[in-house]
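Undergrad: What follows is upload09.txt, made up of compact mmCIF, C-alpha atoms:
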```
# COMPACT_ATOMS: atom_id res chain seq x y z
CA MET D 17 -38.28 -3.44 49.14
CA THR D 18 -39.37 -6.91 48.11
CA ASP D 19 -41.72 -9.15 50.05
CA ARG D 20 -38.85 -11.52 50.72
CA ILE D 21 -36.72 -8.83 52.34
CA THR D 22 -39.68 -7.65 54.38
CA GLY D 23 -40.45 -11.23 55.37
CA TYR D 24 -36.90 -11.92 56.51
CA ALA D 25 -36.77 -8.57 58.35
CA ASN D 26 -40.07 -9.15 60.14
CA GLY D 27 -39.00 -12.66 61.12
CA ILE D 28 -35.68 -11.49 62.50
CA PHE D 29 -37.37 -8.56 64.23
CA GLU D 30 -39.88 -10.83 65.98
CA LEU D 31 -37.23 -13.35 66.91
CA ALA D 32 -34.91 -10.70 68.36
CA ARG D 33 -37.75 -9.08 70.25
CA ALA D 34 -38.87 -12.47 71.62
CA GLU D 35 -35.32 -13.08 72.80
CA GLY D 36 -35.21 -9.62 74.34
CA GLU D 37 -32.19 -8.65 72.19
CA LEU D 38 -33.84 -6.41 69.68
CA GLU D 39 -31.74 -3.31 70.28
CA ARG D 40 -28.46 -5.21 70.25
CA VAL D 41 -29.36 -7.25 67.24
CA GLU D 42 -30.52 -4.28 65.22
CA ASN D 43 -27.37 -2.35 66.06
CA GLU D 44 -25.14 -5.27 65.17
CA LEU D 45 -26.99 -5.96 61.94
CA PHE D 46 -26.71 -2.27 61.06
CA ILE D 47 -22.94 -2.42 61.58
CA ILE D 48 -22.72 -5.62 59.52
CA ALA D 49 -24.75 -3.98 56.74
CA GLN D 50 -22.34 -1.03 56.73
CA ALA D 51 -19.37 -3.40 56.56
CA LEU D 52 -20.90 -5.14 53.56
CA ASP D 53 -21.67 -1.84 51.85
CA ASP D 54 -18.12 -0.62 52.40
CA SER D 55 -16.47 -3.81 51.19
CA PRO D 56 -17.34 -4.94 47.66
CA GLU D 57 -14.84 -7.79 48.03
CA LEU D 58 -16.65 -9.17 51.05
CA ARG D 59 -19.99 -8.81 49.29
CA SER D 60 -18.80 -10.57 46.13
CA THR D 61 -17.19 -13.35 48.17
CA LEU D 62 -20.39 -14.04 50.10
CA THR D 63 -22.46 -14.00 46.90
CA ASP D 64 -20.02 -16.06 44.83
CA PRO D 65 -22.00 -19.12 43.60
CA GLN D 66 -18.77 -21.05 43.02
CA LEU D 67 -17.68 -20.75 46.63
CA PRO D 68 -18.89 -23.64 48.87
CA MET D 69 -21.39 -22.65 51.54
CA GLU D 70 -19.09 -23.97 54.29
CA ARG D 71 -16.40 -21.49 53.25
CA LYS D 72 -18.88 -18.62 53.34
CA GLN D 73 -20.15 -19.59 56.78
CA ALA D 74 -16.61 -19.97 58.06
CA LEU D 75 -15.86 -16.47 56.72
CA VAL D 76 -18.90 -15.04 58.52
CA GLU D 77 -17.85 -16.85 61.69
CA ASP D 78 -14.34 -15.36 61.45
CA LEU D 79 -15.63 -11.83 60.86
CA ILE D 80 -18.50 -11.68 63.35
CA GLY D 81 -17.91 -14.48 65.84
CA GLY D 82 -16.86 -13.11 69.22
CA ARG D 83 -17.68 -9.53 68.24
CA ALA D 84 -21.44 -9.87 67.94
CA SER D 85 -24.06 -11.78 69.84
CA SER D 86 -24.60 -15.41 68.99
CA LEU D 87 -28.13 -14.55 67.89
CA SER D 88 -26.88 -11.98 65.38
CA LEU D 89 -24.30 -14.45 64.12
CA ASP D 90 -26.92 -17.18 63.74
CA LEU D 91 -29.24 -14.84 61.89
CA VAL D 92 -26.52 -13.77 59.47
CA GLN D 93 -25.53 -17.42 58.97
CA LEU D 94 -29.16 -18.22 58.23
CA ILE D 95 -29.37 -15.50 55.59
CA VAL D 96 -26.08 -16.55 53.99
CA SER D 97 -26.97 -20.26 54.05
CA GLN D 98 -30.22 -19.45 52.23
CA GLY D 99 -28.19 -17.85 49.44
CA ARG D 100 -29.49 -14.36 50.31
CA ALA D 101 -26.15 -12.74 51.13
CA SER D 102 -26.73 -10.22 48.37
CA GLU D 103 -29.83 -9.04 50.26
CA LEU D 104 -28.24 -9.11 53.71
CA SER D 105 -27.65 -5.36 53.76
CA ASP D 106 -31.23 -4.57 52.77
CA ILE D 107 -32.59 -7.08 55.30
CA ALA D 108 -30.49 -5.53 58.08
CA ARG D 109 -31.75 -2.04 57.22
CA ALA D 110 -35.31 -3.35 57.10
CA VAL D 111 -34.84 -4.85 60.57
CA VAL D 112 -33.54 -1.52 61.88
CA GLU D 113 -36.47 0.30 60.32
CA ALA D 114 -38.94 -2.27 61.67
CA ALA D 115 -37.45 -1.89 65.15
CA ALA D 116 -37.61 1.88 64.96
CA ALA D 117 -41.16 1.69 63.63
CA SER D 118 -42.10 -0.45 66.61
CA ARG D 119 -41.05 2.53 68.74
CA ASP D 120 -42.99 4.88 66.44
CA LYS D 121 -39.78 6.29 65.05
CA ALA D 122 -38.01 6.53 61.70
CA VAL D 123 -34.35 5.71 61.14
CA ALA D 124 -31.99 8.51 60.20
CA GLU D 125 -28.81 7.10 58.74
CA VAL D 126 -26.15 9.71 59.33
CA ARG D 127 -22.76 9.47 57.64
CA SER D 128 -19.84 11.43 58.93
CA ALA D 129 -16.09 11.34 58.37
CA VAL D 130 -15.51 11.41 62.10
CA PRO D 131 -17.38 9.89 65.07
CA LEU D 132 -20.10 12.10 66.51
CA ASP D 133 -20.53 12.85 70.17
CA ALA D 134 -23.81 12.29 72.03
CA ASP D 135 -24.70 15.95 72.05
CA THR D 136 -24.29 16.24 68.31
CA ILE D 137 -26.36 13.09 67.76
CA GLU D 138 -29.11 14.48 69.92
CA ARG D 139 -29.10 17.79 68.04
CA LEU D 140 -29.16 15.89 64.77
CA ALA D 141 -32.12 13.78 65.89
CA SER D 142 -34.00 16.85 66.89
CA ALA D 143 -33.18 18.84 63.74
CA LEU D 144 -33.83 15.92 61.40
CA GLY D 145 -37.12 15.24 63.18
CA ARG D 146 -38.21 18.83 62.58
CA ALA D 147 -36.96 18.80 59.00
CA THR D 148 -38.71 15.56 58.08
CA GLY D 149 -41.72 15.81 60.35
CA LYS D 150 -40.93 12.43 61.90
CA SER D 151 -39.56 11.28 65.19
CA VAL D 152 -36.17 9.83 64.25
CA GLU D 153 -33.53 7.56 65.65
CA VAL D 154 -30.04 8.43 64.49
CA LYS D 155 -27.73 5.67 63.33
CA VAL D 156 -24.24 7.00 62.77
CA VAL D 157 -21.94 5.54 60.14
CA VAL D 158 -18.34 6.71 60.09
CA ASP D 159 -17.47 7.00 56.43
CA GLU D 160 -14.27 8.69 55.34
CA SER D 161 -15.59 9.10 51.83
CA VAL D 162 -17.78 11.87 53.20
CA ILE D 163 -14.50 13.84 53.71
CA GLY D 164 -16.17 16.38 55.98
CA GLY D 165 -19.63 17.41 57.13
CA ILE D 166 -22.65 15.11 57.27
CA VAL D 167 -25.00 13.18 54.98
CA ALA D 168 -28.32 12.20 56.52
CA ARG D 169 -30.90 9.89 54.99
CA VAL D 170 -34.38 9.41 56.42
CA GLY D 171 -36.37 7.00 54.28
CA ASP D 172 -36.09 8.38 50.78
CA THR D 173 -35.05 11.86 51.91
CA VAL D 174 -31.34 12.69 51.75
CA ILE D 175 -29.91 15.88 53.25
CA ASP D 176 -26.34 16.17 52.04
CA GLY D 177 -24.01 18.72 53.67
CA SER D 178 -20.80 16.86 52.96
CA LEU D 179 -17.57 18.01 51.37
CA ALA D 180 -17.85 14.92 49.17
CA ARG D 181 -20.90 16.48 47.52
CA ARG D 182 -19.00 19.68 46.88
CA VAL D 183 -16.10 17.71 45.45
CA ASP D 184 -18.59 15.89 43.19
CA SER D 185 -20.02 19.23 42.08
CA LEU D 186 -16.50 20.36 41.31
CA ARG D 187 -15.87 17.12 39.38
CA GLN D 188 -19.00 17.64 37.29
CA ALA D 189 -18.00 21.22 36.60
CA VAL D 190 -14.57 20.09 35.46
CA GLU D 191 -15.94 17.30 33.26
CA SER D 192 -18.60 19.43 31.59
CA MET O 30 -15.99 -47.67 -107.34
CA GLN O 31 -14.79 -50.77 -109.15
CA PHE O 32 -18.23 -50.87 -110.79
CA LEU O 33 -17.88 -47.26 -111.96
CA ILE O 34 -14.42 -47.84 -113.36
CA ALA O 35 -15.62 -50.96 -115.18
CA THR O 36 -18.52 -49.00 -116.64
CA ILE O 37 -16.24 -46.22 -117.88
CA LEU O 38 -13.87 -48.74 -119.42
CA TYR O 39 -16.76 -50.44 -121.02
CA GLN O 40 -18.08 -47.16 -122.42
CA GLU O 41 -14.62 -46.27 -123.78
CA GLU O 42 -14.44 -49.65 -125.47
CA GLY O 43 -17.96 -49.09 -126.94
CA GLU O 44 -17.22 -45.58 -128.21
CA SER O 45 -14.07 -46.59 -129.82
CA SER O 46 -15.81 -49.40 -131.45
CA SER O 47 -19.25 -47.81 -132.37
CA ASN O 48 -18.50 -44.15 -132.81
CA VAL O 49 -21.12 -43.12 -130.23
CA SER O 50 -20.82 -39.84 -128.15
CA LEU O 51 -18.77 -40.46 -125.12
CA VAL O 52 -20.03 -37.41 -123.13
CA LEU O 53 -23.87 -37.43 -123.46
CA PRO O 54 -25.79 -40.51 -122.34
CA GLU O 55 -28.50 -42.02 -124.27
CA THR O 56 -31.80 -40.17 -124.04
CA ALA O 57 -33.56 -43.06 -122.44
CA GLU O 58 -30.77 -43.44 -119.99
CA LEU O 59 -30.91 -39.73 -119.36
CA ILE O 60 -34.65 -39.80 -118.68
CA ALA O 61 -34.31 -42.81 -116.50
CA GLY O 62 -31.49 -41.08 -114.69
CA ILE O 63 -33.57 -37.92 -114.24
CA ILE O 64 -36.57 -39.91 -113.00
CA ALA O 65 -34.35 -41.89 -110.68
CA PHE O 66 -32.78 -38.68 -109.41
CA ALA O 67 -36.24 -37.15 -109.00
CA ILE O 68 -37.44 -40.14 -107.04
CA VAL O 69 -34.34 -40.08 -104.86
CA PHE O 70 -34.64 -36.33 -104.46
CA PHE O 71 -38.31 -36.69 -103.60
CA PHE O 72 -37.58 -39.26 -100.88
CA VAL O 73 -34.77 -37.23 -99.57
CA TRP O 74 -36.79 -34.03 -99.61
CA LYS O 75 -39.91 -35.68 -98.20
CA TRP O 76 -38.50 -37.78 -95.37
CA ALA O 77 -34.80 -37.57 -94.96
CA LEU O 78 -34.54 -33.82 -94.97
CA PRO O 79 -37.33 -33.19 -92.43
CA THR O 80 -35.90 -35.87 -90.20
CA LEU O 81 -32.48 -34.35 -90.54
CA ASN O 82 -33.88 -30.91 -89.93
CA LYS O 83 -35.80 -32.18 -86.97
CA THR O 84 -32.74 -33.87 -85.58
CA LEU O 85 -30.71 -30.74 -86.16
CA GLU O 86 -33.41 -28.65 -84.64
CA THR O 87 -33.64 -30.94 -81.64
CA ARG O 88 -29.91 -30.86 -81.31
CA GLN O 89 -29.93 -27.13 -81.68
CA LEU O 90 -32.64 -26.86 -79.04
CA ALA O 91 -30.69 -29.20 -76.81
CA VAL O 92 -27.54 -27.16 -77.30
CA SER O 93 -29.52 -23.96 -76.77
CA GLY O 94 -31.04 -25.45 -73.62
CA GLU O 95 -27.65 -26.52 -72.41
CA LEU O 96 -26.29 -23.09 -73.17
CA ALA O 97 -29.22 -21.48 -71.40
CA GLY O 98 -28.72 -23.88 -68.47
CA ALA O 99 -25.05 -23.08 -68.44
CA GLU O 100 -25.86 -19.40 -68.60
CA LYS O 101 -28.37 -19.81 -65.82
CA ALA O 102 -25.91 -21.81 -63.77
CA LYS O 103 -23.34 -19.13 -64.39
CA VAL O 104 -25.79 -16.45 -63.33
CA GLU O 105 -26.69 -18.48 -60.26
CA ALA O 106 -23.06 -19.05 -59.51
CA GLU O 107 -22.37 -15.37 -59.90
CA SER O 108 -25.36 -14.63 -57.72
CA LEU O 109 -24.13 -17.11 -55.13
CA LEU O 110 -20.67 -15.64 -55.36
CA SER O 111 -22.13 -12.21 -54.93
CA ASP O 112 -24.20 -13.40 -51.98
CA TYR O 113 -21.19 -15.13 -50.53
CA ARG O 114 -19.09 -12.01 -50.92
CA SER O 115 -21.88 -9.94 -49.47
CA GLN O 116 -22.23 -12.31 -46.54
CA LEU O 117 -18.51 -12.39 -46.10
CA ALA O 118 -18.41 -8.62 -46.05
CA GLU O 119 -21.33 -8.60 -43.66
CA ALA O 120 -19.64 -11.16 -41.45
CA LYS O 121 -16.46 -9.12 -41.50
CA SER O 122 -18.45 -6.03 -40.67
CA GLU O 123 -20.30 -7.87 -37.90
CA GLY O 124 -17.03 -9.22 -36.57
CA ASN O 125 -15.53 -5.76 -36.59
CA ARG O 126 -18.60 -4.37 -34.89
CA ILE O 127 -18.47 -7.09 -32.19
CA LEU O 128 -14.80 -6.42 -31.68
CA GLU O 129 -15.46 -2.71 -31.46
CA ASP O 130 -18.32 -3.29 -29.02
CA ALA O 131 -16.10 -5.56 -26.96
CA ARG O 132 -13.34 -2.94 -26.97
CA VAL O 133 -15.79 -0.23 -25.94
CA SER O 134 -17.26 -2.46 -23.24
CA ALA O 135 -13.80 -3.33 -21.97
CA GLU O 136 -12.82 0.31 -21.86
CA GLN O 137 -16.07 1.19 -20.11
CA LEU O 138 -15.54 -1.63 -17.63
CA LYS O 139 -11.98 -0.51 -17.03
CA ALA O 140 -13.14 3.05 -16.50
CA ASP O 141 -15.89 1.89 -14.14
CA LEU O 142 -13.51 -0.27 -12.15
CA LEU O 143 -11.01 2.56 -11.91
CA SER O 144 -13.72 4.96 -10.87
CA ARG O 145 -15.05 2.57 -8.27
CA ALA O 146 -11.58 1.84 -6.95
CA GLU O 147 -10.91 5.55 -6.63
CA THR O 148 -14.24 6.05 -4.87
CA ASP O 149 -13.52 3.18 -2.50
CA ALA O 150 -10.05 4.49 -1.82
CA GLU O 151 -11.43 7.95 -1.13
CA ASN O 152 -14.07 6.48 1.19
CA ILE O 153 -11.43 4.52 3.05
CA ARG O 154 -9.23 7.62 3.34
CA SER O 155 -12.18 9.68 4.49
CA LYS O 156 -13.22 7.06 7.04
CA ALA O 157 -9.64 6.79 8.27
CA ARG O 158 -9.50 10.57 8.66
CA ASP O 159 -12.84 10.57 10.49
CA ASP O 160 -11.77 7.67 12.70
CA ALA O 161 -8.49 9.35 13.49
CA SER O 162 -10.30 12.59 14.27
CA ALA O 163 -12.87 10.81 16.43
CA GLU O 164 -10.15 8.86 18.19
CA LYS O 165 -8.21 12.05 18.82
CA SER O 166 -11.32 13.77 20.19
CA ARG O 167 -12.11 10.76 22.33
CA ALA O 168 -8.55 10.55 23.64
CA LEU O 169 -8.57 14.28 24.41
CA ALA O 170 -11.92 14.03 26.16
CA GLU O 171 -10.73 11.01 28.12
CA ALA O 172 -7.50 12.75 29.05
CA ARG O 173 -9.44 15.83 30.09
CA THR O 174 -11.77 13.69 32.23
CA GLN O 175 -8.89 11.80 33.78
CA VAL O 176 -6.99 14.97 34.53
CA GLY O 177 -10.16 16.45 36.01
CA ASP O 178 -10.83 13.34 38.10
CA ILE O 179 -7.27 13.17 39.33
CA SER O 180 -7.28 16.85 40.17
CA VAL O 181 -10.58 16.64 41.99
CA ASP O 182 -9.57 13.45 43.83
CA LEU O 183 -6.35 15.11 44.81
CA ALA O 184 -8.20 18.21 45.93
CA GLY O 185 -10.59 16.05 47.97
CA LYS O 186 -7.73 14.19 49.62
CA ILE O 187 -5.88 17.39 50.35
CA VAL O 188 -9.00 18.92 51.84
CA GLY O 189 -9.73 15.75 53.84
CA GLU O 190 -6.20 15.55 55.18
CA ALA O 191 -6.18 19.24 55.96
CA LEU O 192 -9.30 18.94 58.08
CA ASP O 193 -8.54 18.72 61.80
CA SER O 194 -11.10 17.90 64.46
CA ASP O 195 -12.03 21.56 64.87
CA ALA O 196 -12.64 21.91 61.14
CA HIS O 197 -14.77 18.74 61.17
CA GLN O 198 -16.74 20.03 64.11
CA ALA O 199 -17.17 23.39 62.39
CA LEU O 200 -18.56 21.66 59.30
CA ILE O 201 -20.91 19.57 61.45
CA ASP O 202 -22.04 22.66 63.36
CA ARG O 203 -22.72 24.50 60.15
CA TYR O 204 -24.72 21.49 58.86
CA LEU O 205 -26.72 21.46 62.08
CA ALA O 206 -27.29 25.19 61.89
CA ASP O 207 -28.51 24.90 58.30
CA LEU O 208 -30.68 21.92 59.21
CA GLU O 209 -32.21 23.71 62.14
CA LYS O 210 -33.17 26.56 59.83
CA LEU O 211 -35.25 24.23 57.65
```
Let me see whether you can do it: turn the structure in this file into structure tokens.
TA:
Amino acid sequence: MTDRITGYANGIFELARAEGELERVENELFIIAQALDDSPELRSTLTDPQLPMERKQALVEDLIGGRASSLSLDLVQLIVSQGRASELSDIARAVVEAAAASRDKAVAEVRSAVPLDADTIERLASALGRATGKSVEVKVVVDESVIGGIVARVGDTVIDGSLARRVDSLRQAVES
Amino acid sequence: MQFLIATILYQEEGESSSNVSLVLPETAELIAGIIAFAIVFFFVWKWALPTLNKTLETRQLAVSGELAGAEKAKVEAESLLSDYRSQLAEAKSEGNRILEDARVSAEQLKADLLSRAETDAENIRSKARDDASAEKSRALAEARTQVGDISVDLAGKIVGEALDSDAHQALIDRYLADLEKL
């Protein structure tokens, strides 16, 4: 993580906390980061140097406006207007991690093909905390590419129990 | 001549008139004649003959010299002719040798060019075979990969579509169970 990403994340974290909207902002930024990760077209559009800044900001307004808080929208507009759209996803994750760290917790990014119920999330938090030796906060991402099962990432540790991994193993076996 | 004839006529007239011998001269006349002859002979023998001999000798030497010169010139000419013929023969020989060398060189060059052309052609054929073989292998490998990818993608989709909520939950429960064992 570069100093710039950390700097942006810390700034946003402090601003959101000062405004008393830290939890909302971090959740919204996490969702926006997932949207960017899942959509290469959106990412390339926002990072296109040929596209005028007004068009990019209008696009962000269309996508987020009305669905996220005005603070989250302003923060994303700030990042895009500074020409850092390519780092938006990393900044959002850094904000989430900074927020979790402020609560003495680590972020567990859990990917599943289907939404998870509260009980499952709680069990996951507990099990992942034991497995990693950290107190974790679970952030769930619904990702159909997982196919089935769960992929959890805590920091640099990835615990993959997805069907996608098995399909990849099968693919490698076929190709070799 | 007219003097001699007049003398003879005179003598005939004298003999006929004085009964003197017509054949033998008078003794005095004879002696005078002999002395005169001797004097003439002496002059001739003393000066004219050596001069004549010297002239003849000079002439003979000159002629001999000319003959020798001519002979020498002839020898030189023959020598030159011989040299010329020798050089001509040498030139012909040299010309033939150059022509032969040129013919040999041309044949060697032709052979080299043919050999090189055949080598190049063989290299091109070999490379074409290798390229074709490599391309075939690559195409087969690509096809195999594509077929594998398509099959696996299809399998993944089929599995994903076949999973109902219970199957998803079962997978999640198994993940949790495995995780809790860690």
Undergrad: Using only C-alpha atoms, I'd like a table of the residues in chain O that come within 12 Å of chain D; for each, show the closest atom pair and its distance in Å rounded to one decimal, ordered by chain and ascending number, as JSON lines.
TA:
```
{"residue": "O:Leu169", "atom": "CA", "partner": "D:Glu191", "partner_atom": "CA", "distance": 11.9}
{"residue": "O:Ala170", "atom": "CA", "partner": "D:Glu191", "partner_atom": "CA", "distance": 8.8}
{"residue": "O:Glu171", "atom": "CA", "partner": "D:Glu191", "partner_atom": "CA", "distance": 9.7}
{"residue": "O:Ala172", "atom": "CA", "partner": "D:Glu191", "partner_atom": "CA", "distance": 10.5}
{"residue": "O:Arg173", "atom": "CA", "partner": "D:Glu191", "partner_atom": "CA", "distance": 7.4}
{"residue": "O:Thr174", "atom": "CA", "partner": "D:Glu191", "partner_atom": "CA", "distance": 5.6}
{"residue": "O:Gln175", "atom": "CA", "partner": "D:Glu191", "partner_atom": "CA", "distance": 9.0}
{"residue": "O:Val176", "atom": "CA", "partner": "D:Val190", "partner_atom": "CA", "distance": 9.2}
{"residue": "O:Gly177", "atom": "CA", "partner": "D:Val190", "partner_atom": "CA", "distance": 5.7}
{"residue": "O:Asp178", "atom": "CA", "partner": "D:Arg187", "partner_atom": "CA", "distance": 6.4}
{"residue": "O:Ile179", "atom": "CA", "partner": "D:Arg187", "partner_atom": "CA", "distance": 9.5}
{"residue": "O:Ser180", "atom": "CA", "partner": "D:Arg187", "partner_atom": "CA", "distance": 8.6}
{"residue": "O:Val181", "atom": "CA", "partner": "D:Arg187", "partner_atom": "CA", "distance": 5.9}
{"residue": "O:Asp182", "atom": "CA", "partner": "D:Val183", "partner_atom": "CA", "distance": 8.0}
{"residue": "O:Leu183", "atom": "CA", "partner": "D:Val183", "partner_atom": "CA", "distance": 10.1}
{"residue": "O:Ala184", "atom": "CA", "partner": "D:Val183", "partner_atom": "CA", "distance": 7.9}
{"residue": "O:Gly185", "atom": "CA", "partner": "D:Val183", "partner_atom": "CA", "distance": 6.3}
{"residue": "O:Lys186", "atom": "CA", "partner": "D:Ile163", "partner_atom": "CA", "distance": 7.9}
{"residue": "O:Ile187", "atom": "CA", "partner": "D:Ile163", "partner_atom": "CA", "distance": 9.9}
{"residue": "O:Val188", "atom": "CA", "partner": "D:Ile163", "partner_atom": "CA", "distance": 7.7}
{"residue": "O:Gly189", "atom": "CA", "partner": "D:Ile163", "partner_atom": "CA", "distance": 5.1}
{"residue": "O:Glu190", "atom": "CA", "partner": "D:Ile163", "partner_atom": "CA", "distance": 8.6}
{"residue": "O:Ala191", "atom": "CA", "partner": "D:Ile163", "partner_atom": "CA", "distance": 10.2}
{"residue": "O:Leu192", "atom": "CA", "partner": "D:Gly164", "partner_atom": "CA", "distance": 7.6}
{"residue": "O:Asp193", "atom": "CA", "partner": "D:Gly164", "partner_atom": "CA", "distance": 9.9}
{"residue": "O:Ser194", "atom": "CA", "partner": "D:Val130", "partner_atom": "CA", "distance": 8.2}
{"residue": "O:Asp195", "atom": "CA", "partner": "D:Val130", "partner_atom": "CA", "distance": 11.1}
{"residue": "O:Ala196", "atom": "CA", "partner": "D:Gly164", "partner_atom": "CA", "distance": 8.3}
{"residue": "O:His197", "atom": "CA", "partner": "D:Gly164", "partner_atom": "CA", "distance": 5.9}
{"residue": "O:Gln198", "atom": "CA", "partner": "D:Gly165", "partner_atom": "CA", "distance": 8.0}
{"residue": "O:Ala199", "atom": "CA", "partner": "D:Gly165", "partner_atom": "CA", "distance": 8.3}
{"residue": "O:Leu200", "atom": "CA", "partner": "D:Gly165", "partner_atom": "CA", "distance": 4.9}
{"residue": "O:Ile201", "atom": "CA", "partner": "D:Gly165", "partner_atom": "CA", "distance": 5.0}
{"residue": "O:Asp202", "atom": "CA", "partner": "D:Thr136", "partner_atom": "CA", "distance": 8.4}
{"residue": "O:Arg203", "atom": "CA", "partner": "D:Gly165", "partner_atom": "CA", "distance": 8.3}
{"residue": "O:Tyr204", "atom": "CA", "partner": "D:Gly177", "partner_atom": "CA", "distance": 5.9}
{"residue": "O:Leu205", "atom": "CA", "partner": "D:Leu140", "partner_atom": "CA", "distance": 6.6}
{"residue": "O:Ala206", "atom": "CA", "partner": "D:Ala143", "partner_atom": "CA", "distance": 8.9}
{"residue": "O:Asp207", "atom": "CA", "partner": "D:Gly177", "partner_atom": "CA", "distance": 8.9}
{"residue": "O:Leu208", "atom": "CA", "partner": "D:Ala143", "partner_atom": "CA", "distance": 6.0}
{"residue": "O:Glu209", "atom": "CA", "partner": "D:Ala143", "partner_atom": "CA", "distance": 5.2}
{"residue": "O:Lys210", "atom": "CA", "partner": "D:Ala143", "partner_atom": "CA", "distance": 8.7}
{"residue": "O:Leu211", "atom": "CA", "partner": "D:Ala147", "partner_atom": "CA", "distance": 5.9}
```
Undergrad: Report, in Å to a single decimal, how far apart atom CA of O:Val133 and atom CA of O:Arg114 are.
TA: 27.8 Å
Undergrad: For the atom pair atom CA of D:Leu31 and atom CA of D:Ala117, what is the interatomic distance in Å to one decimal place?
TA: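 We find that atom CA of D:Leu31 and atom CA of D:Ala117 lie 15.9 Å from each other.
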Undergrad: Can you work out the spacing between atom CA of D:Glu70 and atom CA of D:Val111 in Å, to one decimal?
TA: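 A separation of 25.6 Å between them.
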Undergrad: Name the closest residue to D:Ile107 among the candidates D:Glu37, D:Glu153, D:Asp135, D:Asp19; distances are taken between atoms, counting all atoms listed in the file.
TA: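 Residue with the minimum atom-to-atom distance to D:Ile107: D:Asp19.
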Undergrad: Place a sphere of radius 12 Å on (-31.6, -6.7, 71.9) in the file coordinates and name every protein, DNA or RNA residue with an atom inside or on its surface, counting all atoms listed in the file; give the answer as a list in words.
TA: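 Using all atoms listed in the file, the matching residues come out as Ile28, Phe29, Glu30, Leu31, Ala32, Arg33, Ala34, Glu35, Gly36, Glu37, Leu38, Glu39, Arg40, Val41, Glu42, Asn43, Glu44, Leu45, Ala84, Ser85, Ser86, Leu87, Ser88, Val111, Val112 and Ala115 of chain D.
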Undergrad: For a quick check of your reading of the model, name the residues lying within 8 Å of the coordinate (-33.0, 4.3, 67.4), counting all atoms listed in the file, and write them as a ChimeraX atom specification.
TA: /D:115-116,121-123,152-155
Undergrad: With a distance cut-off of 8 Å and all atoms listed in the file, select the neighbouring residues of D:Glu125, excluding the residue or stretch itself and same-chain residues fewer than 6 positions from it, and output the selection as a compact mmCIF listing (two decimals) with C-alpha atoms, keeping the file's coordinate frame.
TA:
```
# COMPACT_ATOMS: atom_id res chain seq x y z
CA VAL D 154 -30.04 8.43 64.49
CA LYS D 155 -27.73 5.67 63.33
CA VAL D 156 -24.24 7.00 62.77
CA VAL D 157 -21.94 5.54 60.14
CA ALA D 168 -28.32 12.20 56.52
CA ARG D 169 -30.90 9.89 54.99
CA VAL D 170 -34.38 9.41 56.42
```
